[in-house]
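*Asks:* File follows, protein-v2.csv with CSV, C-alpha atoms:
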```csv
chain,number,residue,atom,x,y,z
F,24,MET,CA,91.3,95.4,105.5
F,25,LYS,CA,88.2,96.7,107.3
F,26,ARG,CA,84.7,96.1,106.2
F,27,LYS,CA,81.9,98.6,107.0
F,28,GLY,CA,78.1,98.7,107.0
F,29,ALA,CA,75.2,96.4,107.6
F,30,GLY,CA,76.1,94.4,104.5
F,31,VAL,CA,79.0,92.8,106.4
F,32,GLU,CA,76.7,91.2,108.9
F,33,GLU,CA,74.3,90.0,106.2
F,34,ALA,CA,77.2,88.5,104.2
F,35,VAL,CA,78.4,86.6,107.2
F,36,ARG,CA,74.9,85.4,108.2
F,37,SER,CA,74.1,84.1,104.7
F,38,SER,CA,77.4,82.2,104.5
F,39,LEU,CA,76.8,80.5,107.9
F,40,GLU,CA,73.1,79.8,107.0
F,41,LEU,CA,74.3,78.0,103.9
F,42,LEU,CA,76.6,75.6,105.7
F,43,PRO,CA,73.9,73.2,107.2
F,44,ARG,CA,72.2,72.7,103.9
F,45,ARG,CA,75.5,72.3,101.9
F,46,LEU,CA,76.8,69.7,104.4
F,47,ARG,CA,73.6,67.7,104.3
F,48,GLU,CA,73.4,67.9,100.5
F,49,ALA,CA,77.1,66.8,100.2
F,50,ARG,CA,76.7,64.0,102.6
F,51,GLN,CA,73.5,62.7,101.0
F,52,GLY,CA,75.0,63.2,97.5
F,53,ALA,CA,77.9,61.0,98.5
F,54,GLY,CA,75.4,58.4,99.7
F,55,LEU,CA,76.6,58.5,103.3
F,56,THR,CA,74.7,58.2,106.6
F,57,LEU,CA,75.6,60.4,109.5
F,58,ARG,CA,77.4,57.5,111.1
F,59,GLU,CA,79.4,56.8,107.9
F,60,LEU,CA,80.5,60.4,107.5
F,61,ALA,CA,81.4,60.5,111.2
F,62,GLN,CA,83.7,57.5,110.8
F,63,ARG,CA,85.4,59.0,107.7
F,64,ALA,CA,85.9,62.4,109.2
F,65,GLY,CA,86.6,61.4,112.8
F,66,VAL,CA,83.8,63.7,114.0
F,67,ALA,CA,81.0,62.5,116.3
F,68,ALA,CA,77.7,61.8,114.4
F,69,SER,CA,75.9,63.9,117.0
F,70,THR,CA,78.1,66.9,116.1
F,71,ILE,CA,77.4,66.5,112.4
F,72,LEU,CA,73.7,66.3,113.1
F,73,LYS,CA,73.8,69.5,115.1
F,74,ILE,CA,75.7,71.2,112.3
F,75,GLU,CA,73.2,70.0,109.7
F,76,GLN,CA,70.3,71.3,111.9
F,77,GLY,CA,72.0,74.7,112.2
F,78,LYS,CA,72.5,74.3,116.0
F,79,LEU,CA,76.3,74.3,115.9
F,80,VAL,CA,78.8,76.3,113.8
F,81,PRO,CA,81.9,74.0,113.4
F,82,SER,CA,85.4,75.0,114.1
F,83,VAL,CA,87.9,75.4,111.3
F,84,ALA,CA,89.3,71.9,112.1
F,85,VAL,CA,85.9,70.2,112.0
F,86,THR,CA,85.0,72.0,108.7
F,87,VAL,CA,88.3,70.9,107.1
F,88,ARG,CA,87.8,67.3,108.3
F,89,LEU,CA,84.2,67.1,107.0
F,90,ALA,CA,85.1,68.6,103.7
F,91,GLU,CA,88.1,66.2,103.3
F,92,ALA,CA,85.9,63.2,104.1
F,93,LEU,CA,83.3,64.4,101.5
F,94,GLY,CA,86.0,65.0,98.8
F,95,ARG,CA,85.2,68.7,98.8
F,96,ARG,CA,87.1,71.9,99.5
F,97,PRO,CA,86.1,73.5,102.8
F,98,SER,CA,84.8,76.6,101.0
F,99,TYR,CA,82.2,74.5,99.3
F,100,LEU,CA,80.5,73.9,102.6
F,101,ILE,CA,80.1,77.6,103.3
F,102,GLU,CA,79.8,79.1,99.8
F,103,GLY,CA,78.9,76.3,97.4
F,104,ASP,CA,80.2,76.0,93.8
F,105,ARG,CA,80.4,79.1,91.6
F,106,PRO,CA,81.4,77.7,88.2
F,107,ASP,CA,80.9,80.7,86.0
F,108,GLY,CA,83.8,80.3,83.6
F,109,THR,CA,85.8,83.2,85.1
F,110,GLU,CA,89.6,83.1,84.6
F,111,VAL,CA,90.4,86.5,86.1
F,112,ARG,CA,88.9,88.3,89.2
F,113,LEU,CA,89.7,91.5,90.9
F,114,ILE,CA,88.5,91.7,94.5
F,115,PRO,CA,88.6,95.3,95.7
F,116,ARG,CA,90.1,96.1,99.1
F,117,GLY,CA,87.7,94.9,101.8
F,118,GLY,CA,85.5,93.2,99.1
F,119,GLY,CA,86.1,89.6,100.0
F,120,ARG,CA,83.3,87.5,101.4
F,121,LEU,CA,83.4,87.2,105.2
F,122,VAL,CA,82.8,84.0,107.2
F,123,ALA,CA,82.7,84.0,111.0
F,124,LYS,CA,80.7,82.7,113.9
F,125,PRO,CA,78.8,85.5,115.7
F,126,GLY,CA,81.2,86.9,118.3
F,127,SER,CA,84.0,84.6,117.0
F,128,PRO,CA,87.6,85.4,117.7
F,129,ILE,CA,88.4,84.4,114.1
F,130,VAL,CA,87.2,86.1,110.9
F,131,PHE,CA,88.0,84.7,107.4
F,132,GLU,CA,87.8,87.1,104.4
F,133,ARG,CA,88.0,85.1,101.2
F,134,ILE,CA,90.5,87.0,99.0
F,135,ALA,CA,90.7,84.5,96.1
F,136,GLU,CA,87.3,83.7,94.5
F,137,PRO,CA,87.0,80.5,92.5
F,138,LEU,CA,88.3,80.6,88.9
F,139,VAL,CA,87.8,77.9,86.3
F,140,ASP,CA,89.3,74.7,87.6
F,141,PRO,CA,90.5,76.3,90.9
F,142,GLN,CA,93.9,75.2,92.3
F,143,MET,CA,93.9,77.1,95.6
F,144,GLU,CA,91.9,79.1,98.1
F,145,ALA,CA,93.2,82.2,99.9
F,146,PHE,CA,91.9,84.0,103.0
F,147,LEU,CA,92.7,87.1,105.0
F,148,VAL,CA,92.4,85.7,108.5
F,149,THR,CA,92.0,88.0,111.6
F,150,LEU,CA,92.4,86.4,115.0
F,151,LYS,CA,91.7,88.1,118.3
F,152,PRO,CA,94.0,87.2,121.2
F,153,GLY,CA,93.4,83.5,122.1
F,154,GLY,CA,91.7,82.7,118.7
F,155,HIS,CA,92.6,79.3,117.4
F,156,SER,CA,91.9,76.7,114.7
F,157,GLY,CA,89.9,74.5,117.1
F,158,ARG,CA,90.5,72.4,120.2
F,159,GLU,CA,89.5,69.1,118.6
F,160,SER,CA,91.9,66.9,116.8
F,161,PRO,CA,94.5,68.9,114.8
F,162,LEU,CA,93.9,70.0,111.2
F,163,SER,CA,95.2,67.9,108.3
F,164,PHE,CA,94.4,67.8,104.6
F,165,GLN,CA,95.9,66.6,101.3
F,166,GLY,CA,97.8,69.6,99.8
F,167,GLU,CA,99.9,72.5,100.9
F,168,ALA,CA,99.5,75.7,102.9
F,169,LEU,CA,101.3,79.0,102.9
F,170,VAL,CA,100.9,81.6,105.7
F,171,PHE,CA,102.1,85.2,105.5
F,172,CYS,CA,101.8,87.1,108.7
F,173,LEU,CA,100.8,90.8,108.4
F,174,ARG,CA,100.6,91.8,112.0
F,175,GLY,CA,100.6,90.3,115.5
F,176,ARG,CA,101.8,86.7,116.1
F,177,LEU,CA,100.6,83.3,115.1
F,178,LEU,CA,101.7,80.0,116.7
F,179,PHE,CA,101.7,76.9,114.5
F,180,GLN,CA,102.1,73.7,116.4
F,181,PHE,CA,103.1,70.5,114.6
F,182,PRO,CA,103.8,67.1,116.2
F,183,HIS,CA,107.5,67.6,116.7
F,184,GLN,CA,108.0,71.4,116.4
F,185,SER,CA,106.3,74.7,116.8
F,186,TYR,CA,106.8,77.9,114.8
F,187,LEU,CA,106.1,81.5,116.0
F,188,VAL,CA,105.2,83.4,112.9
F,189,THR,CA,105.7,87.2,113.2
F,190,PRO,CA,105.0,90.1,110.7
F,191,GLY,CA,106.8,89.5,107.4
F,192,ASP,CA,107.4,85.8,108.1
F,193,VAL,CA,106.2,83.1,105.7
F,194,LEU,CA,105.4,79.5,106.8
F,195,HIS,CA,105.0,76.9,104.0
F,196,PHE,CA,104.0,73.3,104.9
F,197,LYS,CA,102.5,70.1,103.7
F,198,GLY,CA,98.8,69.8,104.8
F,199,HIS,CA,99.1,66.2,105.8
F,200,LEU,CA,101.2,67.2,108.8
F,201,ALA,CA,98.8,67.4,111.8
F,202,HIS,CA,98.8,71.0,113.0
F,203,ARG,CA,97.0,73.6,115.1
F,204,TRP,CA,97.3,77.4,115.0
F,205,SER,CA,96.5,80.1,117.4
F,206,ASN,CA,97.1,83.8,118.4
F,207,PRO,CA,99.2,83.6,121.6
F,208,GLY,CA,99.8,87.3,121.8
F,209,PRO,CA,97.9,90.2,123.6
F,210,GLU,CA,97.0,91.9,120.3
F,211,GLU,CA,94.9,91.0,117.2
F,212,ALA,CA,96.8,89.0,114.5
F,213,GLU,CA,96.3,89.1,110.8
F,214,ALA,CA,97.6,86.8,108.1
F,215,ILE,CA,97.1,85.7,104.6
F,216,MET,CA,96.5,81.9,104.4
F,217,VAL,CA,96.7,80.2,101.0
F,218,TYR,CA,95.6,76.6,100.6
F,219,ALA,CA,96.3,74.4,97.7
F,220,PHE,CA,94.2,71.2,98.1
F,221,ALA,CA,95.1,68.0,96.3
F,222,ARG,CA,93.1,67.5,93.2
F,223,ARG,CA,90.3,64.8,93.4
```
Is it possible to give me this structure as structure tokens?
*Replies:*
Amino acid sequence: MKRKGAGVEEAVRSSLELLPRRLREARQGAGLTLRELAQRAGVAASTILKIEQGKLVPSVAVTVRLAEALGRRPSYLIEGDRPDGTEVRLIPRGGGRLVAKPGSPIVFERIAEPLVDPQMEAFLVTLKPGGHSGRESPLSFQGEALVFCLRGRLLFQFPHQSYLVTPGDVLHFKGHLAHRWSNPGPEEAEAIMVYAFARR
């Protein structure tokens, strides 16, 4: 799915500009200091401060860890809540909201907008060669994930086993298993990633 026009850059910019404010509001709403959130998330307080000041865009791994520590879904930090009572949504081809760091090797296109009482989140993820989930500690969260590879290759690394996911393959796993993912190939990779986070 390809997006065209200046509206794409504006959509990405607005999502990334929202993140510092949403993180600060969520942390303060939970009554946590920077140091307390840092301890819960396993992320340095200085890193959290830089994110809140808009000086650093966090990796996927850091975003997931911060959201988990705050009792929120990762999308909350970049999009906020959209409780409008909708039970059905159609998202036209290329119509999902984009999230990416400028010049990032990873682009997330949200392909499942929140419904009433959401049970999952889904993204079309595009990774350039060498793109990865983050070099920090591995990802982990309460819930499940399902990955369907559309093109290219994705390498998922778990503590005791790795899986090379190729076009047409599906990988389904429990989110509490520490993991990393990357594009080890010479070409761009694309996959649908669906996350069902544990209810809070």
*Asks:* Could you work out how far atom CA of His199 of chain F lies from atom CA of Pro161 of chain F, giving the answer in Å with one decimal?
*Replies:* 10.5 Å
*Asks:* Centre and edge lengths of an axis-aligned box around all listed atoms of segment 138-155 of chain F, with 6 Å added on each side, are to be given in Å to one decimal, as AutoDock Vina command-line options.
*Replies:*
```
--center_x 90.9 --center_y 81.4 --center_z 104.2 --size_x 18.2 --size_y 25.4 --size_z 47.8
```
*Asks:* Determine, counting all atoms listed in the file, which protein, DNA and RNA residues have an atom within 8 Å of an atom of segment 173-182 of chain F; residues of the same chain fewer than 4 positions away are not included. Present the result as an MDAnalysis selection string.
*Replies:* chainID F and resid 186:191 200:208 210:215
*Asks:* With a distance cut-off of 7 Å and all atoms listed in the file, select the neighbouring residues of Arg133 of chain F, excluding the residue or stretch itself and same-chain residues fewer than 5 positions from it, and output the selection as a list in words.
*Replies:*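 Surrounding residues, per the criterion: Gly119, Arg120, Leu121, Ala145, Phe146 and Leu147 of chain F.
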*Asks:* Counting all atoms listed in the file, note down every residue that has an atom within 12 Å of the point (80.6, 68.3, 116.8) (file coordinates), as a ChimeraX atom specification.
*Replies:* /F:57,61,64-86,88-89,157-160
*Asks:* Rank F:Val87, F:Leu42, F:Val122, F:Ala168 by their smallest atom-to-atom distance to Ser156 of chain F, using all atoms listed in the file, and report the top residue only.
*Replies:* F:Val87
*Asks:* Supply segment 187-204 of chain F as a JSON list (two decimals), in the coordinates of the input, with N, CA and C atoms built in where the input has gaps.
*Replies:*
```json
[["chain", "number", "residue", "atom", "x", "y", "z"],
["F", 187, "LEU", "N", 106.68, 80.17, 115.69],
["F", 187, "LEU", "CA", 106.10, 81.50, 116.00],
["F", 187, "LEU", "C", 106.25, 82.33, 114.75],
["F", 188, "VAL", "N", 105.14, 82.67, 114.11],
["F", 188, "VAL", "CA", 105.20, 83.40, 112.90],
["F", 188, "VAL", "C", 104.87, 84.89, 113.17],
["F", 189, "THR", "N", 105.80, 85.78, 112.84],
["F", 189, "THR", "CA", 105.70, 87.20, 113.20],
["F", 189, "THR", "C", 105.56, 88.01, 111.86],
["F", 190, "PRO", "N", 105.20, 89.30, 111.93],
["F", 190, "PRO", "CA", 105.00, 90.10, 110.70],
["F", 190, "PRO", "C", 106.17, 89.98, 109.71],
["F", 191, "GLY", "N", 105.81, 89.67, 108.47],
["F", 191, "GLY", "CA", 106.80, 89.50, 107.40],
["F", 191, "GLY", "C", 107.26, 88.07, 107.23],
["F", 192, "ASP", "N", 107.00, 87.19, 108.22],
["F", 192, "ASP", "CA", 107.40, 85.80, 108.10],
["F", 192, "ASP", "C", 106.44, 85.03, 107.21],
["F", 193, "VAL", "N", 106.97, 84.00, 106.55],
["F", 193, "VAL", "CA", 106.20, 83.10, 105.70],
["F", 193, "VAL", "C", 106.39, 81.68, 106.21],
["F", 194, "LEU", "N", 105.32, 80.95, 106.42],
["F", 194, "LEU", "CA", 105.40, 79.50, 106.80],
["F", 194, "LEU", "C", 104.73, 78.73, 105.68],
["F", 195, "HIS", "N", 105.45, 77.75, 105.13],
["F", 195, "HIS", "CA", 105.00, 76.90, 104.00],
["F", 195, "HIS", "C", 105.08, 75.47, 104.48],
["F", 196, "PHE", "N", 103.99, 74.70, 104.37],
["F", 196, "PHE", "CA", 104.00, 73.30, 104.90],
["F", 196, "PHE", "C", 103.07, 72.42, 104.14],
["F", 197, "LYS", "N", 103.33, 71.12, 104.25],
["F", 197, "LYS", "CA", 102.50, 70.10, 103.70],
["F", 197, "LYS", "C", 101.25, 69.93, 104.60],
["F", 198, "GLY", "N", 100.07, 69.89, 103.99],
["F", 198, "GLY", "CA", 98.80, 69.80, 104.80],
["F", 198, "GLY", "C", 98.63, 68.53, 105.52],
["F", 199, "HIS", "N", 99.30, 67.44, 105.12],
["F", 199, "HIS", "CA", 99.10, 66.20, 105.80],
["F", 199, "HIS", "C", 99.71, 66.16, 107.21],
["F", 200, "LEU", "N", 100.56, 67.14, 107.48],
["F", 200, "LEU", "CA", 101.20, 67.20, 108.80],
["F", 200, "LEU", "C", 100.10, 67.79, 109.79],
["F", 201, "ALA", "N", 99.77, 67.00, 110.79],
["F", 201, "ALA", "CA", 98.80, 67.40, 111.80],
["F", 201, "ALA", "C", 99.25, 68.72, 112.42],
["F", 202, "HIS", "N", 98.36, 69.71, 112.49],
["F", 202, "HIS", "CA", 98.80, 71.00, 113.00],
["F", 202, "HIS", "C", 97.59, 71.76, 113.66],
["F", 203, "ARG", "N", 97.96, 72.68, 114.51],
["F", 203, "ARG", "CA", 97.00, 73.60, 115.10],
["F", 203, "ARG", "C", 97.63, 75.00, 114.97],
["F", 204, "TRP", "N", 96.77, 76.03, 114.96],
["F", 204, "TRP", "CA", 97.30, 77.40, 115.00],
["F", 204, "TRP", "C", 96.48, 78.26, 115.91]]
```
